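Heads up, the thing below is written out as structure tokens.
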2 protein chains.
Amino acid sequence: MKLKLKHVKIKTGGMVSFLDEKDAQAMDLKQGERLNISKGNKFVVTIVDITTSNAIDKKGSIGLSEEAFKKLGLKEKSVVELSLVDKPMSLHYIKKKLRGEKLKDQEIYEIVKDIVDGIYSDIEITYFVSACYIHEMDMKETVSLTNAIINTGDILKMKRYPIIDKHCIGGVPGNRTTMIVVPILSALGYTMPKTSARSITSPAGTADTMEVLCPVSFDIDKIKNIVEKTNGCIVWGGAVNMAPADDRIIRVEHPVSLDPTGQLLASIMAKKKSVSATHLLIDIPYGKGAKIEDHRKAESLKKKFELISRKLDMKTMVVLTDGTQPVGNGIGPALEARDVMWVFERDKRAPFDLEKKGLEMAARLIELTKKASYKDALAVCEELLESGEAGEQFKKIIKAQGGKIQNSKQIKLGRFKKEIPAYRGGTVTVFENKKLARIARIAGAPASKGSGIYLHKKVGDSIEKTDTVMTIYSENKDKLKYAFEFYEKMGGIKIN
Amino acid sequence: MKLKLKHVKIKTGGMVSFLDEKDAQAMDLKQGERLNISKGNKFVVTIVDITTSNAIDKKGSIGLSEEAFKKLGLKEKSVVELSLVDKPMSLHYIKKKLRGEKLKDQEIYEIVKDIVDGIYSDIEITYFVSACYIHEMDMKETVSLTNAIINTGDILKMKRYPIIDKHCIGGVPGNRTTMIVVPILSALGYTMPKTSARSITSPAGTADTMEVLCPVSFDIDKIKNIVEKTNGCIVWGGAVNMAPADDRIIRVEHPVSLDPTGQLLASIMAKKKSVSATHLLIDIPYGKGAKIEDHRKAESLKKKFELISRKLDMKTMVVLTDGTQPVGNGIGPALEARDVMWVFERDKRAPFDLEKKGLEMAARLIELTKKASYKDALAVCEELLESGEAGEQFKKIIKAQGGKIQNSKQIKLGRFKKEIPAYRGGTVTVFENKKLARIARIAGAPASKGSGIYLHKKVGDSIEKTDTVMTIYSENKDKLKYAFEFYEKMGGIKIN
């Protein structure tokens, strides 16, 4: 059957074609079946979405989603040939996993390949994720999944050794240690091509925070250029085609907040392997209010990371850290970027906990490469920070990424602010991660960079009842009000 | 936030809104989150689909899917208010089932209610289905699911008793016993408001076949009218809002051909309960080439139907029948309708197996109501058919449904046909259900009513090598050729 091409400007996350129900009936096509759309040697395999009316103008046209239209690369109104395509073989492997059987290396590769090629619907990917959630992948399968995610995407290759990376499992606001570690290590000559995430549910990811200072979206060649120049970078991982399967898997996990351990491990390790990392530090913050509250669970995850690292031939150190309160004082992209700048500027307002954690992680990574003992490494890192060299290196990286901001005064905070007094005097005993993150988000972070909160104290500090314990910043008066109302109602800070 | 309404003419199967990524960012909205869209007292809760470009024209507009636009009932370009809605509570129950826990009656009801209200995405429904597939529902959960599916849809209520129904699990081409049973029982004064399905993967469903003779799409009041007049009807179940949850569940099962037993039972029983059936006959064809090949599996399914029927207070008889070859000689809507007509017309070409099975099922249903013994009932049914009374009743039903066809000569078959000779003489030993169904579909059935195949023999019949064993009919020359080529390559008939 031949139909006229129509560009349906919707991003579906995969290859989708929209067909009028009469045309579908004539072809005996069902919702969710696969259709090859071709002209000459150009083709795209799509999942069919049957529609009653004229999203596609009329009977006789076939609509293509943003992704499919781009992949096919033809003009609108081109006449294309349609043909039915069998279900991909890999669907059988998904059914196999649903039945509780183990998957072989090649079977997992084919599933991931088909996910990346966009020929799976969200429904089909969801079956894969739920099967892996209920019948948890063993270590062999997890390694296969990791390799499949790596090999279906681009890989950053550099003729350098060692290549350093770090990862934090998240859940603690602030905590921008990456932005301390990369300048220190790259100043010392270590190669650290760091790709970071944007926030998903937090008030800021490292990429959002770095973006306050400079651009963070680059292609793989540009990243290579930057690292050749400065030894390090802090860029957004989402702008490159590394481990692309991961995004589509996460897309279906998000609605029910699933996070099967196998997929979590594979997702993290694949991203590290995709930048060819040889030495990796993983930070697992734990404790009350953290992502992982229980020490035993943190230990168990640590062991899994160590095991999979051995299987993937990566030198990995896992550290369990305090996750019971935010690290640093700022929460939100600009406020967190300012904390980092203050550390490098040796400003007296620099948060001591962030500085200390950043230095320790840098030293642990050096220890991991066996170039120095932890104690010696720590001394070197402290010296580098104190002398201003690390700060110079940070500015060099910002410049290499095309940024103009060179000091903390250039960072703009939200126009509106509200200072929150302690109301009672005593000692701060609790800063609740989740509630504080929520307040910062309601105020507008991370989309509005200058929004967020600034904590004037840390747990254990004493406070007078008229002292300001927290300032909320926002770009928007209403949002500031909502954020304050949320705090009034739900709290988030305890003083005793 | 306020935006302008735009009608996105795509049927998504649920309530979906399309939002420009900049607007989504400003509202801190993620793909798959829920947005309430309102103006005055009109509102609709939608799942957000974030799009890069102008399916929605531009930033500042919000697109609504066909279903959501209709539900909201406002004009295009209306200015609507948006607000974020929390995830439905019932998502927690889906996660509970994913973890392997049992669900309570009320929890299942809430899940099904939210499915029917369209506030679940396909992804979320898929998690529910896969959880129920892997952690199979027990009988208590299955009963809850059945009741939930019934109570979230319309119910046909009639002041009559008994109300008769039948069901066949399918998998055998032809097999149009419903069209024999309904006229016989309704002629005898039994009430049989039969709703049937269209074909999903077969060459014809009962609704497709009945549609050759008369319309089959009616609302619930019209169905009541017809049944008040004639005691019986044969209509399409999809045109009424009975058991609507079922369609959405089946929609996500189809891509991986999943069919969790609990859902199968619930789906069937809910449809029967929705017409207020009191007495039910279930036909499980089994044997080589049938949906269920194994006798023990058929027995096990029978027991489950019996058990759930007791729990739902329905008098049910389950019969295991021969599923190894098609029932009747025609395959495809018109060819099957002609077989049925021939039975009522006492034509010598009437397929004996179809007639016999139809009579037996009618008699079994009478036995089930305890009005007569099976033997006596069978004699009454035979007499009714022989006398022409059943045929008159069938014509009355066709008329009541608005049909004009009153005899087999009025039924049009495909314009093009190809007679297939036996090639070798001997005895027909095998007619393969799946391959014959495939040939009929390739020829154009069920969309093209006159397409399909006619078997000139049954298994066990002797045949000369020059005899025609099968005729393929089609409305389209190419399709006829493809169907014949498939047969040449794949076979489907064995003669020894």
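Convention: chains lettered A, B, ... in structure tokens order; per-chain residue numbering from 1; ligands numbered from 1 as shown.
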- request: Run DSSP on the backbone and grab whatever in range 304-482 of chain A lands in helix (DSSP H, G or I); send it over as number ranges by chain.
  value: A: 304-311, 333-345, 352-368, 374-386, 389-400, 408-410, 433-443, 477-482
- request: Check every residue of chain B for an atom within 9 Å of chain A, counting only C-alpha atoms, and provide those that qualify as a ChimeraX atom specification.
  value: /B:8-12,18,25-28,30-33,49-56,66,87,91-92,94-95,98-100,121-127,129-131,133-135,200,251-256,258,441-442,444-448
field: Gap from CA of Lys229 in chain A to CA of Asp165 in chain A - Å, one decimal
entry: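 It comes out at 17.7 Å.
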message: Which residues are near Lys194 in chain A? Cut-off 8 Å, only C-alpha atoms, ignore same chain within fewer than 5 positions. Put them as a PyMOL selection string.
response: chain A and resi 165-166+182+232-235
- request: Kindly indicate which residue among A:Arg310, A:Ala337, A:Glu485, A:Asn241 lies nearest to Ile398 in chain A, using only C-alpha atoms for the distances.
  value: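 Among A:Arg310, A:Ala337, A:Glu485, A:Asn241, it is A:Ala337 that comes nearest to Ile398 in chain A.
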- request: Check range 251-383 of chain B with DSSP on the backbone and list each residue it calls strand (DSSP E), as a PyMOL selection string.
  value: chain B and resi 279-286+315-322+330-331
message: Neighbouring residues of range 381-384 of chain A were defined as those with any atom within 7 Å, considering only C-alpha atoms; residues of the same chain fewer than 3 positions away were excluded. Please report them as a list in words.
response: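 The residues that qualify are Ile184, Leu359, Ala363, Ala377, Leu378, Ser387, Gly388, Glu389 and Ala390 of chain A.
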Generate the output file for the selected residues, N, CA, C and O atoms, as a JSON list (two decimals), in the first residue's frame.
```json
[["chain", "number", "residue", "atom", "x", "y", "z"],
["A", 184, "ILE", "N", 40.48, 19.80, 40.93],
["A", 184, "ILE", "CA", 41.67, 19.38, 41.68],
["A", 184, "ILE", "C", 42.44, 18.29, 40.91],
["A", 184, "ILE", "O", 43.64, 18.41, 40.65],
["A", 359, "LEU", "N", 37.57, 17.30, 49.04],
["A", 359, "LEU", "CA", 39.00, 16.99, 49.19],
["A", 359, "LEU", "C", 39.21, 15.50, 49.46],
["A", 359, "LEU", "O", 40.10, 14.86, 48.87],
["A", 363, "ALA", "N", 41.24, 12.80, 47.13],
["A", 363, "ALA", "CA", 42.37, 12.03, 47.69],
["A", 363, "ALA", "C", 42.13, 10.53, 47.55],
["A", 363, "ALA", "O", 43.04, 9.76, 47.26],
["A", 377, "ALA", "N", 48.05, 12.15, 49.50],
["A", 377, "ALA", "CA", 47.19, 12.71, 48.45],
["A", 377, "ALA", "C", 46.35, 13.84, 49.02],
["A", 377, "ALA", "O", 46.18, 14.90, 48.39],
["A", 378, "LEU", "N", 45.82, 13.62, 50.23],
["A", 378, "LEU", "CA", 44.96, 14.63, 50.85],
["A", 378, "LEU", "C", 45.74, 15.93, 51.06],
["A", 378, "LEU", "O", 45.24, 17.03, 50.79],
["A", 387, "SER", "N", 46.37, 27.14, 47.66],
["A", 387, "SER", "CA", 47.23, 28.00, 46.83],
["A", 387, "SER", "C", 46.46, 28.74, 45.75],
["A", 387, "SER", "O", 46.99, 29.63, 45.09],
["A", 388, "GLY", "N", 45.22, 28.30, 45.51],
["A", 388, "GLY", "CA", 44.43, 28.94, 44.45],
["A", 388, "GLY", "C", 44.58, 28.25, 43.10],
["A", 388, "GLY", "O", 43.90, 28.60, 42.13],
["A", 389, "GLU", "N", 45.49, 27.29, 43.02],
["A", 389, "GLU", "CA", 45.69, 26.58, 41.75],
["A", 389, "GLU", "C", 44.45, 25.85, 41.29],
["A", 389, "GLU", "O", 44.10, 25.84, 40.11],
["A", 390, "ALA", "N", 43.75, 25.20, 42.24],
["A", 390, "ALA", "CA", 42.54, 24.46, 41.89],
["A", 390, "ALA", "C", 41.50, 25.43, 41.35],
["A", 390, "ALA", "O", 40.81, 25.14, 40.37]]
```
Residue neighbourhood Asp86 in chain A, 10 Å, only C-alpha atoms, exclusion window fewer than 2 positions, as a PyMOL selection string: chain A and resi 33-36+83-84+88-89
- request: Find the residues around range 458-464 of chain A up to 10 Å (only C-alpha atoms counted), leave out those fewer than 6 positions away in its own chain, and share them as a ChimeraX atom specification.
  value: /A:324-329,351,353,421-431,493-496
Could you write out the selected residues, including N, CA and C atoms, as a PDB file, in the first residue's frame?
```pdb
ATOM      1  N   THR A 324      22.463  12.242  55.935  1.00  0.00           N
ATOM      2  CA  THR A 324      21.329  12.658  56.771  1.00  0.00           C
ATOM      3  C   THR A 324      20.951  14.127  56.642  1.00  0.00           C
ATOM      4  N   GLN A 325      21.819  14.946  56.049  1.00  0.00           N
ATOM      5  CA  GLN A 325      21.477  16.352  55.833  1.00  0.00           C
ATOM      6  C   GLN A 325      22.133  16.825  54.536  1.00  0.00           C
ATOM      7  N   PRO A 326      21.699  17.965  53.983  1.00  0.00           N
ATOM      8  CA  PRO A 326      22.314  18.472  52.751  1.00  0.00           C
ATOM      9  C   PRO A 326      23.815  18.691  52.949  1.00  0.00           C
ATOM     10  N   VAL A 327      24.581  18.591  51.859  1.00  0.00           N
ATOM     11  CA  VAL A 327      26.008  18.909  51.895  1.00  0.00           C
ATOM     12  C   VAL A 327      26.179  20.284  51.243  1.00  0.00           C
ATOM     13  N   GLY A 328      26.796  21.183  51.961  1.00  0.00           N
ATOM     14  CA  GLY A 328      26.860  22.590  51.520  1.00  0.00           C
ATOM     15  C   GLY A 328      25.665  23.340  52.094  1.00  0.00           C
ATOM     16  N   ASN A 329      25.588  24.652  51.795  1.00  0.00           N
ATOM     17  CA  ASN A 329      24.481  25.452  52.331  1.00  0.00           C
ATOM     18  C   ASN A 329      23.419  25.795  51.295  1.00  0.00           C
ATOM     19  N   PRO A 351      31.162  26.522  52.406  1.00  0.00           N
ATOM     20  CA  PRO A 351      30.690  25.471  53.319  1.00  0.00           C
ATOM     21  C   PRO A 351      31.806  24.457  53.591  1.00  0.00           C
ATOM     22  N   ASP A 353      31.708  21.538  55.082  1.00  0.00           N
ATOM     23  CA  ASP A 353      31.412  20.112  54.826  1.00  0.00           C
ATOM     24  C   ASP A 353      31.610  19.753  53.354  1.00  0.00           C
ATOM     25  N   PRO A 421      13.078  32.943  60.092  1.00  0.00           N
ATOM     26  CA  PRO A 421      13.721  32.932  61.405  1.00  0.00           C
ATOM     27  C   PRO A 421      13.569  31.575  62.084  1.00  0.00           C
ATOM     28  N   ALA A 422      14.422  31.341  63.074  1.00  0.00           N
ATOM     29  CA  ALA A 422      14.405  30.058  63.779  1.00  0.00           C
ATOM     30  C   ALA A 422      13.122  29.869  64.591  1.00  0.00           C
ATOM     31  N   TYR A 423      12.492  30.970  64.981  1.00  0.00           N
ATOM     32  CA  TYR A 423      11.290  30.951  65.856  1.00  0.00           C
ATOM     33  C   TYR A 423      11.596  30.520  67.291  1.00  0.00           C
ATOM     34  N   ARG A 424      12.483  29.505  67.447  1.00  0.00           N
ATOM     35  CA  ARG A 424      12.925  29.163  68.802  1.00  0.00           C
ATOM     36  C   ARG A 424      14.441  29.008  68.819  1.00  0.00           C
ATOM     37  N   GLY A 425      15.024  29.268  69.958  1.00  0.00           N
ATOM     38  CA  GLY A 425      16.469  29.126  70.092  1.00  0.00           C
ATOM     39  C   GLY A 425      16.848  27.711  70.477  1.00  0.00           C
ATOM     40  N   GLY A 426      18.130  27.337  70.289  1.00  0.00           N
ATOM     41  CA  GLY A 426      18.596  26.006  70.676  1.00  0.00           C
ATOM     42  C   GLY A 426      19.613  25.493  69.684  1.00  0.00           C
ATOM     43  N   THR A 427      19.587  24.176  69.466  1.00  0.00           N
ATOM     44  CA  THR A 427      20.528  23.557  68.531  1.00  0.00           C
ATOM     45  C   THR A 427      19.749  22.967  67.359  1.00  0.00           C
ATOM     46  N   VAL A 428      20.255  23.186  66.129  1.00  0.00           N
ATOM     47  CA  VAL A 428      19.618  22.553  64.974  1.00  0.00           C
ATOM     48  C   VAL A 428      19.884  21.060  65.052  1.00  0.00           C
ATOM     49  N   THR A 429      18.808  20.263  65.071  1.00  0.00           N
ATOM     50  CA  THR A 429      18.994  18.807  65.167  1.00  0.00           C
ATOM     51  C   THR A 429      18.677  18.077  63.871  1.00  0.00           C
ATOM     52  N   VAL A 430      17.796  18.651  63.060  1.00  0.00           N
ATOM     53  CA  VAL A 430      17.422  17.959  61.817  1.00  0.00           C
ATOM     54  C   VAL A 430      17.226  18.947  60.662  1.00  0.00           C
ATOM     55  N   PHE A 431      17.855  18.648  59.510  1.00  0.00           N
ATOM     56  CA  PHE A 431      17.488  19.251  58.219  1.00  0.00           C
ATOM     57  C   PHE A 431      16.968  18.102  57.348  1.00  0.00           C
ATOM     58  N   ILE A 493      12.774  21.462  59.304  1.00  0.00           N
ATOM     59  CA  ILE A 493      13.912  21.822  60.161  1.00  0.00           C
ATOM     60  C   ILE A 493      13.494  21.602  61.615  1.00  0.00           C
ATOM     61  N   LYS A 494      14.377  20.976  62.404  1.00  0.00           N
ATOM     62  CA  LYS A 494      14.070  20.839  63.831  1.00  0.00           C
ATOM     63  C   LYS A 494      15.144  21.502  64.675  1.00  0.00           C
ATOM     64  N   ILE A 495      14.682  22.246  65.690  1.00  0.00           N
ATOM     65  CA  ILE A 495      15.592  22.929  66.611  1.00  0.00           C
ATOM     66  C   ILE A 495      15.187  22.535  68.023  1.00  0.00           C
ATOM     67  N   ASN A 496      16.177  22.106  68.829  1.00  0.00           N
ATOM     68  CA  ASN A 496      15.834  21.692  70.200  1.00  0.00           C
ATOM     69  C   ASN A 496      16.682  22.392  71.230  1.00  0.00           C
TER      70      ASN A 496
END
```
message: To one decimal place in Å, what is the distance between CA of Leu265 in chain B and CA of Val318 in chain B?
response: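 Value for the CA of Leu265 in chain B-CA of Val318 in chain B distance: 13.0 Å.
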- request: Tell me which protein, DNA and RNA residues are within 9 Å of Gly170 in chain A, counting only C-alpha atoms, leaving out same-chain ones fewer than 4 positions away, and put them as a list in words.
  value: Asn175, Ser202, Asp283, Ile284, Pro285, Ala290 and Lys291 of chain A
Residues as selected, C-alpha atoms, written as a tab-separated table (two decimals), in the first residue's frame, can you do that?
```
chain	number	residue	atom	x	y	z
A	175	ASN	CA	26.49	17.73	47.53
A	202	SER	CA	16.00	16.85	42.88
A	283	ASP	CA	29.61	7.68	46.81
A	284	ILE	CA	26.68	6.09	48.64
A	285	PRO	CA	25.21	8.61	51.10
A	290	ALA	CA	18.78	9.60	52.51
A	291	LYS	CA	17.89	7.41	49.54
```
message: Report, in Å to a single decimal, how far apart CA of Ile292 in chain B and CA of Asp246 in chain B are.
response: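 Those two atoms sit 22.0 Å apart.
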